[in-house]
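Undergrad: Right, I'll just put the structure down here and ask away after.
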Amino acid sequence: MTTFCKSEEQNSSLVNYINNLSSDIDVIEEQNKNIDSEIKRHEDLCTLSDKEKRSLKMKLRSEINETRQQHKTKENQIKEVEN
């Protein structure tokens, strides 16, 4: 009987170990996908011409300024409501 119990404990331990490994593999595969997408993004950026890079930079700056303006507007609205 004790042999059977020990065997079951070992089997249970092995199953847990395999499940942990499987979870680790899933996490690593997801990380690899993210890394692959980042590599692709950087490769795409490298292929942009200087003109395209400047255009993209200007667009991003414009979006930043617009977001800042919206933020200021919302802050002013909050101040008005508080008063």
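For the structure tokens, the naming scheme is as follows: chains receive sequential letters (A, B, ...) according to their order of presentation, residues are indexed from 1 within each chain, and ligands are indexed from 1 in presentation order.
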Could you give me, as a Markdown table, every stretch 32-82 of chain A residue with an atom at most 12 Å from stretch 3-27 of chain A, plus its closest atom pair and distance in Å to one decimal, counting only C-alpha atoms, rows ordered by chain then number?
TA:
| residue | atom | partner | partner_atom | distance |
| --- | --- | --- | --- | --- |
| A:Asn32 | CA | A:Val27 | CA | 8.6 |
| A:Lys33 | CA | A:Val27 | CA | 10.0 |
| A:Asn34 | CA | A:Val27 | CA | 10.7 |
